[in-house]
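A.B. asks: To be precise about what I am sending: the file is called work-v4.cif and holds mmCIF, C-alpha atoms.
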```cif
data_my_file
#
loop_
_atom_site.label_atom_id
_atom_site.label_comp_id
_atom_site.auth_asym_id
_atom_site.auth_seq_id
_atom_site.Cartn_x
_atom_site.Cartn_y
_atom_site.Cartn_z
CA MET A 99 -2.06 23.78 -18.18
CA LEU A 100 -3.40 20.51 -19.43
CA TYR A 101 -3.51 18.84 -16.04
CA LYS A 102 -5.20 20.59 -13.17
CA ARG A 103 -5.16 17.94 -10.45
CA TYR A 104 -1.80 16.74 -9.30
CA ILE A 105 -0.68 14.18 -6.79
CA GLU A 106 1.20 16.50 -4.44
CA ILE A 107 1.64 17.28 -0.79
CA GLY A 108 -1.56 18.88 0.43
CA ARG A 109 -3.87 17.56 -2.27
CA VAL A 110 -7.23 16.64 -0.82
CA CYS A 111 -8.39 13.23 -1.97
CA PHE A 112 -11.48 11.16 -1.71
CA ILE A 113 -11.09 7.47 -0.94
CA ARG A 114 -13.12 5.45 -3.39
CA LEU A 115 -11.96 1.88 -2.69
CA GLY A 116 -11.02 -0.19 0.29
CA ASP A 117 -11.91 -0.18 3.96
CA ASP A 118 -12.26 3.60 4.21
CA VAL A 119 -14.59 4.23 1.28
CA GLY A 120 -16.23 7.62 1.34
CA LYS A 121 -13.68 9.30 3.59
CA SER A 122 -11.63 12.24 2.51
CA ALA A 123 -7.95 12.68 3.22
CA VAL A 124 -4.98 14.92 2.55
CA VAL A 125 -1.81 13.69 0.89
CA VAL A 126 0.91 14.13 3.47
CA ASP A 127 3.74 12.21 1.84
CA LEU A 128 4.51 9.89 -1.04
CA VAL A 129 5.88 6.43 -0.49
CA ASP A 130 6.47 5.60 -4.13
CA GLN A 131 4.83 5.94 -7.52
CA LYS A 132 1.83 3.95 -6.42
CA HIS A 133 1.39 4.63 -2.71
CA LEU A 134 0.50 7.73 -0.74
CA MET A 135 0.63 8.57 2.93
CA VAL A 136 -2.65 10.27 3.71
CA ASP A 137 -4.06 11.84 6.81
CA GLY A 138 -7.75 12.42 7.27
CA PRO A 139 -10.16 13.69 9.85
CA GLY A 140 -12.44 11.35 11.69
CA GLY A 141 -11.65 7.70 11.82
CA LEU A 142 -9.12 7.61 8.98
CA GLY A 143 -6.04 8.81 10.79
CA ARG A 144 -2.69 8.49 9.08
CA LYS A 145 -2.15 5.62 6.73
CA VAL A 146 -0.71 4.43 3.46
CA VAL A 147 -3.14 4.04 0.58
CA ARG A 148 -2.69 2.95 -2.99
CA LEU A 149 -3.09 5.51 -5.77
CA ASN A 150 -5.94 3.63 -7.38
CA GLN A 151 -7.91 3.71 -4.12
CA VAL A 152 -8.02 7.46 -4.33
CA ALA A 153 -9.85 10.07 -6.39
CA LEU A 154 -8.40 13.57 -6.58
CA THR A 155 -10.36 16.71 -5.83
CA ASP A 156 -9.64 20.28 -6.90
CA ILE A 157 -8.83 21.29 -3.34
CA LYS A 158 -5.25 21.75 -2.27
CA ILE A 159 -4.00 23.00 1.07
CA ASN A 160 -0.60 24.25 2.12
CA ILE A 161 1.19 21.83 4.39
CA PRO A 162 4.86 20.85 4.70
CA ARG A 163 5.85 17.38 3.64
CA GLY A 164 5.33 14.74 6.30
CA CYS A 165 3.93 17.17 8.83
CA LYS A 166 2.18 16.09 12.00
CA THR A 167 -1.49 15.17 12.15
CA LYS A 168 -2.26 18.22 14.26
CA THR A 169 -0.78 20.52 11.59
CA VAL A 170 -2.93 18.82 8.97
CA ARG A 171 -6.09 19.24 11.03
CA THR A 172 -5.48 22.93 11.71
CA ALA A 173 -4.69 23.58 8.04
CA LEU A 174 -7.89 21.78 7.01
CA ALA A 175 -9.93 23.86 9.44
CA LYS A 176 -8.27 27.11 8.38
CA GLU A 177 -9.00 26.57 4.69
CA GLY A 178 -12.55 25.42 5.37
CA VAL A 179 -11.95 22.24 3.39
CA GLU A 180 -14.93 20.39 4.82
CA ALA A 181 -17.39 22.86 3.30
CA LYS A 182 -15.55 22.88 -0.04
CA LEU A 183 -15.55 19.10 -0.11
CA ALA A 184 -19.27 18.85 0.56
CA ALA A 185 -19.77 20.94 -2.59
CA THR A 186 -17.69 18.65 -4.81
CA SER A 187 -19.55 16.34 -7.15
CA LEU A 188 -17.53 13.35 -5.91
CA VAL A 189 -18.80 13.69 -2.37
CA LYS A 190 -22.33 14.51 -3.47
CA LYS A 191 -22.50 11.50 -5.79
CA PHE A 192 -21.13 9.21 -3.12
CA ALA A 193 -23.65 10.51 -0.58
CA ALA A 194 -26.50 10.02 -3.05
CA LYS A 195 -25.36 6.49 -3.89
CA ASN A 196 -25.09 5.67 -0.20
CA ALA A 197 -28.53 7.10 0.53
CA LYS A 198 -30.03 4.99 -2.25
CA ALA A 199 -28.38 1.86 -0.92
CA GLN A 200 -29.79 2.55 2.54
CA LEU A 201 -33.36 2.82 1.25
CA GLY A 202 -35.80 0.23 2.52
CA ASP A 203 -38.17 -1.73 0.35
CA PHE A 204 -41.07 0.62 1.02
CA ALA A 205 -39.01 3.67 0.09
CA ARG A 206 -37.94 1.98 -3.15
CA PHE A 207 -41.61 1.18 -3.89
CA LYS A 208 -42.60 4.81 -3.29
CA ASN A 209 -39.82 5.96 -5.60
CA ARG A 210 -40.90 3.56 -8.31
CA VAL A 211 -44.53 4.68 -8.10
CA ALA A 212 -43.49 8.35 -8.23
CA LYS A 213 -41.20 7.68 -11.20
CA THR A 214 -43.91 5.83 -13.12
CA ALA A 215 -46.39 8.65 -12.49
CA SER A 216 -43.97 11.36 -13.60
CA ASN A 217 -42.91 9.37 -16.69
CA ARG A 218 -46.55 8.86 -17.62
CA LYS A 219 -47.20 12.60 -17.35
CA ILE A 220 -44.13 13.43 -19.45
CA ARG A 221 -45.06 10.96 -22.17
CA SER A 222 -48.64 12.15 -22.37
CA THR A 223 -47.50 15.79 -22.61
CA VAL A 224 -45.01 14.90 -25.37
CA ARG A 225 -47.69 12.97 -27.25
CA LYS A 226 -50.09 15.93 -27.02
CA LEU A 227 -47.38 18.31 -28.31
CA LYS A 228 -46.58 15.95 -31.18
CA LYS A 229 -50.27 15.71 -32.15
CA SER A 230 -50.73 19.46 -32.07
CA SER A 231 -47.61 20.21 -34.19
CA MET B 52 7.39 -22.65 0.74
CA LYS B 53 6.79 -19.07 1.77
CA PHE B 54 4.58 -16.25 0.85
CA LYS B 55 1.06 -17.30 1.47
CA CYS B 56 0.73 -14.16 3.58
CA ALA B 57 0.18 -10.53 2.69
CA GLU B 58 3.25 -9.25 4.50
CA LEU B 59 6.11 -11.03 6.19
CA LYS B 60 6.76 -10.72 9.89
CA GLU B 61 10.05 -10.01 11.57
CA PHE B 62 11.19 -12.44 14.23
CA GLU B 63 14.18 -12.25 16.50
CA ILE B 64 15.17 -15.81 17.32
CA VAL B 65 17.75 -16.78 19.91
CA GLY B 66 18.95 -20.35 20.09
CA ARG B 67 21.82 -22.47 21.25
CA PRO B 68 23.13 -26.02 21.04
CA LEU B 69 21.90 -28.18 23.86
CA PRO B 70 24.39 -28.32 26.75
CA LYS B 71 26.01 -31.65 27.41
CA GLY B 72 26.58 -31.59 31.13
CA ASP B 73 27.78 -28.34 32.67
CA GLU B 74 29.57 -26.69 29.76
CA LYS B 75 28.39 -23.28 28.63
CA MET B 76 27.02 -23.31 25.12
CA PRO B 77 27.33 -20.36 22.76
CA VAL B 78 24.09 -18.49 22.13
CA TYR B 79 23.15 -17.34 18.64
CA LYS B 80 20.68 -14.67 17.63
CA MET B 81 19.14 -14.18 14.19
CA THR B 82 16.64 -11.87 12.63
CA ILE B 83 14.35 -13.86 10.36
CA PHE B 84 11.64 -12.55 8.07
CA ALA B 85 8.93 -15.17 7.64
CA PRO B 86 5.16 -15.44 7.22
CA ASP B 87 4.69 -17.18 10.55
CA GLU B 88 6.48 -18.59 13.59
CA ILE B 89 6.82 -22.08 12.20
CA VAL B 90 8.58 -21.02 9.05
CA ALA B 91 10.68 -18.60 11.09
CA LYS B 92 11.96 -21.37 13.35
CA SER B 93 12.61 -23.58 10.37
CA ARG B 94 14.64 -20.88 8.64
CA PHE B 95 16.52 -20.17 11.85
CA TRP B 96 17.74 -23.75 12.02
CA TYR B 97 18.43 -23.80 8.29
CA PHE B 98 20.78 -20.82 8.52
CA LEU B 99 22.31 -21.81 11.82
CA ARG B 100 23.10 -25.25 10.47
CA GLN B 101 24.92 -23.64 7.54
CA LEU B 102 26.95 -21.38 9.81
CA LYS B 103 27.58 -23.45 12.92
CA LYS B 104 27.71 -27.12 13.77
CA VAL B 105 24.31 -27.29 15.42
CA ARG B 106 21.12 -28.94 14.30
CA LYS B 107 17.53 -28.66 15.47
CA VAL B 108 17.82 -32.05 17.11
CA ASN B 109 20.84 -30.93 19.12
CA GLY B 110 19.65 -27.42 19.82
CA GLU B 111 16.96 -25.41 21.46
CA ILE B 112 15.33 -22.06 20.80
CA LEU B 113 15.63 -19.89 23.85
CA ARG B 114 13.57 -16.99 22.75
CA MET B 115 11.46 -16.01 19.79
CA THR B 116 9.86 -12.60 19.65
CA GLU B 117 7.96 -10.96 16.84
CA MET B 118 9.35 -7.50 16.25
CA SER B 119 6.80 -4.78 15.84
CA ASN B 120 7.07 -1.75 13.61
CA SER B 121 8.62 1.18 15.42
CA SER B 122 7.21 4.00 13.31
CA PRO B 123 4.34 2.94 11.07
CA THR B 124 3.57 6.47 9.88
CA LYS B 125 7.05 7.48 8.83
CA ILE B 126 8.27 6.64 5.36
CA LYS B 127 11.80 5.28 5.34
CA ASN B 128 14.33 4.28 2.75
CA PHE B 129 15.58 0.75 3.30
CA GLY B 130 18.80 -0.68 1.95
CA ILE B 131 18.69 -4.46 1.76
CA TRP B 132 21.71 -6.64 1.20
CA VAL B 133 20.62 -9.89 -0.44
CA ARG B 134 22.33 -13.07 -1.48
CA TYR B 135 20.45 -15.18 -3.96
CA ASP B 136 20.93 -18.20 -6.17
CA SER B 137 20.35 -17.67 -9.84
CA ARG B 138 20.19 -20.52 -12.32
CA SER B 139 23.93 -20.46 -12.82
CA GLY B 140 25.40 -19.23 -9.57
CA SER B 141 25.11 -17.29 -6.35
CA HIS B 142 25.18 -13.49 -6.28
CA ASN B 143 25.15 -10.63 -3.81
CA MET B 144 22.94 -7.66 -4.32
CA TYR B 145 22.17 -4.35 -2.75
CA ARG B 146 18.59 -3.24 -3.26
CA GLU B 147 16.67 -0.22 -2.06
CA TYR B 148 13.01 0.13 -1.23
CA ARG B 149 10.83 2.83 0.23
CA ASP B 150 8.33 1.71 2.78
CA VAL B 151 6.82 2.41 6.11
CA SER B 152 8.15 -0.72 7.82
CA ARG B 153 11.06 -3.15 7.59
CA THR B 154 8.70 -6.03 6.97
CA GLY B 155 7.03 -4.10 4.16
CA ALA B 156 10.38 -3.42 2.54
CA ILE B 157 11.49 -7.05 2.83
CA THR B 158 8.19 -8.24 1.38
CA GLN B 159 8.70 -5.84 -1.51
CA CYS B 160 12.20 -7.24 -1.93
CA TYR B 161 11.00 -10.83 -2.20
CA ARG B 162 8.33 -9.85 -4.70
CA ASP B 163 10.80 -7.77 -6.65
CA MET B 164 13.42 -10.54 -6.76
CA ALA B 165 10.80 -12.99 -7.97
CA ALA B 166 9.68 -10.58 -10.66
CA ARG B 167 13.04 -9.30 -11.88
CA HIS B 168 15.24 -12.36 -11.36
CA ARG B 169 12.77 -15.23 -11.07
CA ALA B 170 14.33 -15.92 -7.68
CA ARG B 171 12.20 -18.11 -5.45
CA PRO B 172 12.01 -17.31 -1.73
CA HIS B 173 14.01 -20.39 -0.74
CA SER B 174 16.99 -19.18 -2.74
CA ILE B 175 17.00 -15.69 -1.27
CA GLN B 176 18.96 -14.85 1.87
CA ILE B 177 18.48 -11.48 3.50
CA MET B 178 21.90 -10.58 4.83
CA LYS B 179 21.17 -7.15 6.19
CA ILE B 180 18.49 -4.50 6.18
CA GLU B 181 19.17 -0.94 7.20
CA THR B 182 17.37 2.36 7.16
CA VAL B 183 19.26 4.62 4.78
CA LYS B 184 19.23 8.41 4.90
CA ALA B 185 17.84 10.07 1.81
CA ALA B 186 21.24 11.54 0.92
CA ASP B 187 22.89 8.11 1.03
CA THR B 188 20.45 6.30 -1.23
CA LYS B 189 21.84 5.04 -4.50
CA ARG B 190 18.95 4.02 -6.70
CA PRO B 191 17.33 6.67 -8.92
CA VAL B 192 13.87 5.14 -8.40
CA ILE B 193 14.20 5.91 -4.70
CA LYS B 194 16.00 9.20 -5.13
CA GLN B 195 13.25 10.57 -7.36
CA MET B 196 10.86 10.53 -4.38
CA HIS B 197 13.17 12.77 -2.35
CA ASP B 198 11.91 15.97 -3.88
CA SER B 199 10.23 18.18 -1.31
CA LYS B 200 8.04 19.75 -4.01
CA ILE B 201 7.20 16.48 -5.68
CA LYS B 202 4.12 16.48 -7.79
CA PHE B 203 2.82 14.56 -10.76
CA PRO B 204 -0.49 14.35 -12.56
CA LEU B 205 -2.37 11.19 -13.39
CA PRO B 206 -2.43 11.27 -17.17
CA HIS B 207 -4.67 8.78 -18.95
CA ARG B 208 -6.07 7.31 -15.78
CA ILE B 209 -7.84 4.01 -16.33
CA LEU B 210 -9.73 3.01 -13.25
CA LYS B 211 -11.25 -0.39 -12.63
CA PHE B 212 -13.13 -1.26 -15.77
CA ASN B 213 -16.90 -1.25 -15.49
CA LYS B 214 -18.01 -4.32 -17.40
CA LYS B 215 -21.51 -2.96 -17.77
CA SER B 216 -20.26 -0.39 -20.28
CA ILE B 217 -18.09 -2.23 -22.75
CA PHE B 218 -19.71 -0.42 -25.66
CA VAL B 219 -20.46 3.26 -25.17
CA ALA B 220 -21.59 6.03 -27.49
CA ASP B 221 -18.82 8.46 -26.59
CA ARG B 222 -15.21 7.76 -25.77
CA PRO B 223 -14.82 7.84 -21.97
CA SER B 224 -12.71 10.59 -20.46
CA THR B 225 -9.52 9.48 -18.68
CA MET B 226 -8.76 12.93 -17.32
CA GLN B 227 -8.53 13.04 -13.57
#
```
When written as structure tokens, how does the structure in this file appear?
C.D. replies:
Amino acid sequence: MLYKRYIEIGRVCFIRLGDDVGKSAVVVDLVDQKHLMVDGPGGLGRKVVRLNQVALTDIKINIPRGCKTKTVRTALAKEGVEAKLAATSLVKKFAAKNAKAQLGDFARFKNRVAKTASNRKIRSTVRKLKKSS
Amino acid sequence: MKFKCAELKEFEIVGRPLPKGDEKMPVYKMTIFAPDEIVAKSRFWYFLRQLKKVRKVNGEILRMTEMSNSSPTKIKNFGIWVRYDSRSGSHNMYREYRDVSRTGAITQCYRDMAARHRARPHSIQIMKIETVKAADTKRPVIKQMHDSKIKFPLPHRILKFNKKSIFVADRPSTMQ
């Protein structure tokens, strides 16, 4: 099949825009072509989100349409979605981006110094190899 | 006039003509969708004046309550009966919307009427709004969402454009 990720009941999504950035949620129902009803663990709860606020993951769970929050939570736990999500590149990238944003000035300085040192080493090694060849 | 707000609010307004002496005055109740209380009261008198011989000067509002959403996590199909003035006359319409709340559906209706018929809010009258069962809906746009195994992909997904990368070496992937 050409398309692997569908907007469907049970699709696990990652919220990339809006108030709940970084949270993951399950599609529980569809309002219309541009809005989803999602339910997520933690502080998200059950709410309507726009399609463009959401990024799809490869994970899909089996839940009936419009089911209760409790059903969603038990299904999520049964399929071990949290672990699968932590392995997705979306979540990893978001976590990395967040960590970088939280860095203090000193941490950023340390990173810059380390980067300069490693770049210098790489360039000198490349130059040596070029000379020898 | 209206629509500075994100979503309209639903008000239930009860008013009556002022009693002259001891006579009992009839009491009228209206459901008004408006951005705030002030506009709601204004629209209440506007409609009441059209229907009955009572004006704001000769009347009083007995009660005004903002109606809250009964089930904010349940998606409903709303049928809305509208009367609106076009450039050449007045027409009735029946429109359907899917939303989580009555106010959401009415807000959609106003936006939709403005978009499709260039109808301004002042020329739109909401006659009735009802929750409609999925089997009784008429519009195909609404009916298409009533599939229990509904699914669709996001082909050629263009997310918010990153202005830092107007020119790139390789064509970006729009696969989701």
A.B. asks: CA of Asn217 (chain A) and CA of Ala185 (chain A), how far apart in Å?
C.D. replies: 29.5 Å
A.B. asks: Quick one: distance from CA of Trp96 (chain B) to CA of Leu69 (chain B) in Å, one decimal?
C.D. replies: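 Answer for the CA of Trp96 (chain B) to CA of Leu69 (chain B) separation: 13.3 Å.
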A.B. asks: Considering all atoms listed in the file, extract the chain A residues located within 12 Å of chain B and return them as a PyMOL selection string.
C.D. replies: chain A and resi 99-109+111+114-115+125-137+143-147+149-156+160-167+188
A.B. asks: Once the PyMOL selection byres ((chain B and resi 94) around 12) has been evaluated on this model, what residues remain selected, and can you format them as a PyMOL selection string?
C.D. replies: chain B and resi 52-53+62-64+81-93+95-101+106-107+172-177
A.B. asks: Select, from B:Ile112, B:Ser119, B:Phe218, B:Thr225, the residue with the minimum atom-to-atom distance to Gly155 (chain B), counting all atoms listed in the file.
C.D. replies: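 Of the candidates, the smallest distance to Gly155 (chain B) is held by B:Ser119.
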A.B. asks: Choose the residue, out of A:Arg171, A:Ala199, A:Arg218, A:Phe112, that has the smallest atom-to-atom separation from Gly140 (chain A); count all atoms listed in the file.
C.D. replies: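 Of the candidates, the smallest distance to Gly140 (chain A) is held by A:Arg171.
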A.B. asks: Please enumerate the residues selected by the PyMOL selection byres ((chain B and resi 179) around 9) when evaluated against the supplied file, formatted as a list in words.
C.D. replies: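 Expected selection for the PyMOL selection byres ((chain B and resi 179) around 9) here is Gly130, Ile131, Trp132, Val133, Ile177, Met178, Ile180 and Glu181 of chain B.
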A.B. asks: Which neighbours of Lys189 (chain B) fall inside 10 Å, counting only C-alpha atoms, when residues of the same chain fewer than 3 positions from it are skipped, and could you give them as an MDAnalysis selection string?
C.D. replies: chainID B and resid 130 145:147 183 185:186 192:194
A.B. asks: For the file shown, report as a list of chain:residue names the outcome of the PyMOL selection byres ((chain B and resi 77) around 8) at residue level.
C.D. replies: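 Applied to this file, the PyMOL selection byres ((chain B and resi 77) around 8) selects B:Arg67, B:Pro68, B:Lys75, B:Met76, B:Val78, B:Tyr79.
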A.B. asks: Take region 154-177 of chain B, bring it up to N, CA and C atoms, and give me the output as a compact mmCIF listing (two decimals), in the frame of the given file.
C.D. replies:
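Contents of result25.txt, as written:
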```txt
# COMPACT_ATOMS: atom_id res chain seq x y z
N THR B 154 9.36 -4.86 7.53
CA THR B 154 8.70 -6.03 6.97
C THR B 154 8.10 -5.71 5.60
N GLY B 155 7.56 -4.51 5.46
CA GLY B 155 7.03 -4.10 4.16
C GLY B 155 8.11 -4.06 3.09
N ALA B 156 9.27 -3.51 3.48
CA ALA B 156 10.38 -3.42 2.54
C ALA B 156 10.88 -4.81 2.15
N ILE B 157 11.01 -5.69 3.12
CA ILE B 157 11.49 -7.05 2.83
C ILE B 157 10.49 -7.79 1.94
N THR B 158 9.22 -7.60 2.22
CA THR B 158 8.19 -8.24 1.38
C THR B 158 8.31 -7.73 -0.05
N GLN B 159 8.49 -6.42 -0.17
CA GLN B 159 8.70 -5.84 -1.51
C GLN B 159 9.90 -6.46 -2.18
N CYS B 160 10.95 -6.67 -1.39
CA CYS B 160 12.20 -7.24 -1.93
C CYS B 160 11.97 -8.63 -2.48
N TYR B 161 11.28 -9.48 -1.72
CA TYR B 161 11.00 -10.83 -2.20
C TYR B 161 10.18 -10.81 -3.48
N ARG B 162 9.17 -9.95 -3.50
CA ARG B 162 8.33 -9.85 -4.70
C ARG B 162 9.15 -9.38 -5.89
N ASP B 163 9.99 -8.37 -5.60
CA ASP B 163 10.80 -7.77 -6.65
C ASP B 163 11.80 -8.78 -7.22
N MET B 164 12.45 -9.53 -6.33
CA MET B 164 13.42 -10.54 -6.76
C MET B 164 12.75 -11.61 -7.61
N ALA B 165 11.54 -11.98 -7.20
CA ALA B 165 10.80 -12.99 -7.97
C ALA B 165 10.48 -12.44 -9.36
N ALA B 166 10.08 -11.18 -9.40
CA ALA B 166 9.68 -10.58 -10.66
C ALA B 166 10.87 -10.34 -11.57
N ARG B 167 11.92 -9.72 -11.03
CA ARG B 167 13.04 -9.30 -11.88
C ARG B 167 14.03 -10.41 -12.15
N HIS B 168 14.20 -11.33 -11.19
CA HIS B 168 15.24 -12.36 -11.36
C HIS B 168 14.71 -13.77 -11.28
N ARG B 169 13.38 -13.90 -11.20
CA ARG B 169 12.77 -15.23 -11.07
C ARG B 169 13.34 -15.99 -9.87
N ALA B 170 13.76 -15.27 -8.87
CA ALA B 170 14.33 -15.92 -7.68
C ALA B 170 13.21 -16.34 -6.75
N ARG B 171 13.19 -17.61 -6.39
CA ARG B 171 12.20 -18.11 -5.45
C ARG B 171 12.62 -17.81 -4.03
N PRO B 172 11.66 -17.71 -3.10
CA PRO B 172 12.01 -17.31 -1.73
C PRO B 172 13.07 -18.20 -1.09
N HIS B 173 13.06 -19.50 -1.40
CA HIS B 173 14.01 -20.39 -0.74
C HIS B 173 15.44 -20.11 -1.16
N SER B 174 15.62 -19.44 -2.29
CA SER B 174 16.99 -19.18 -2.74
C SER B 174 17.45 -17.77 -2.41
N ILE B 175 16.64 -17.05 -1.65
CA ILE B 175 17.00 -15.69 -1.27
C ILE B 175 17.40 -15.67 0.19
N GLN B 176 18.54 -15.03 0.48
CA GLN B 176 18.96 -14.85 1.87
C GLN B 176 19.09 -13.35 2.14
N ILE B 177 18.37 -12.89 3.13
CA ILE B 177 18.48 -11.48 3.50
C ILE B 177 19.67 -11.36 4.44
```
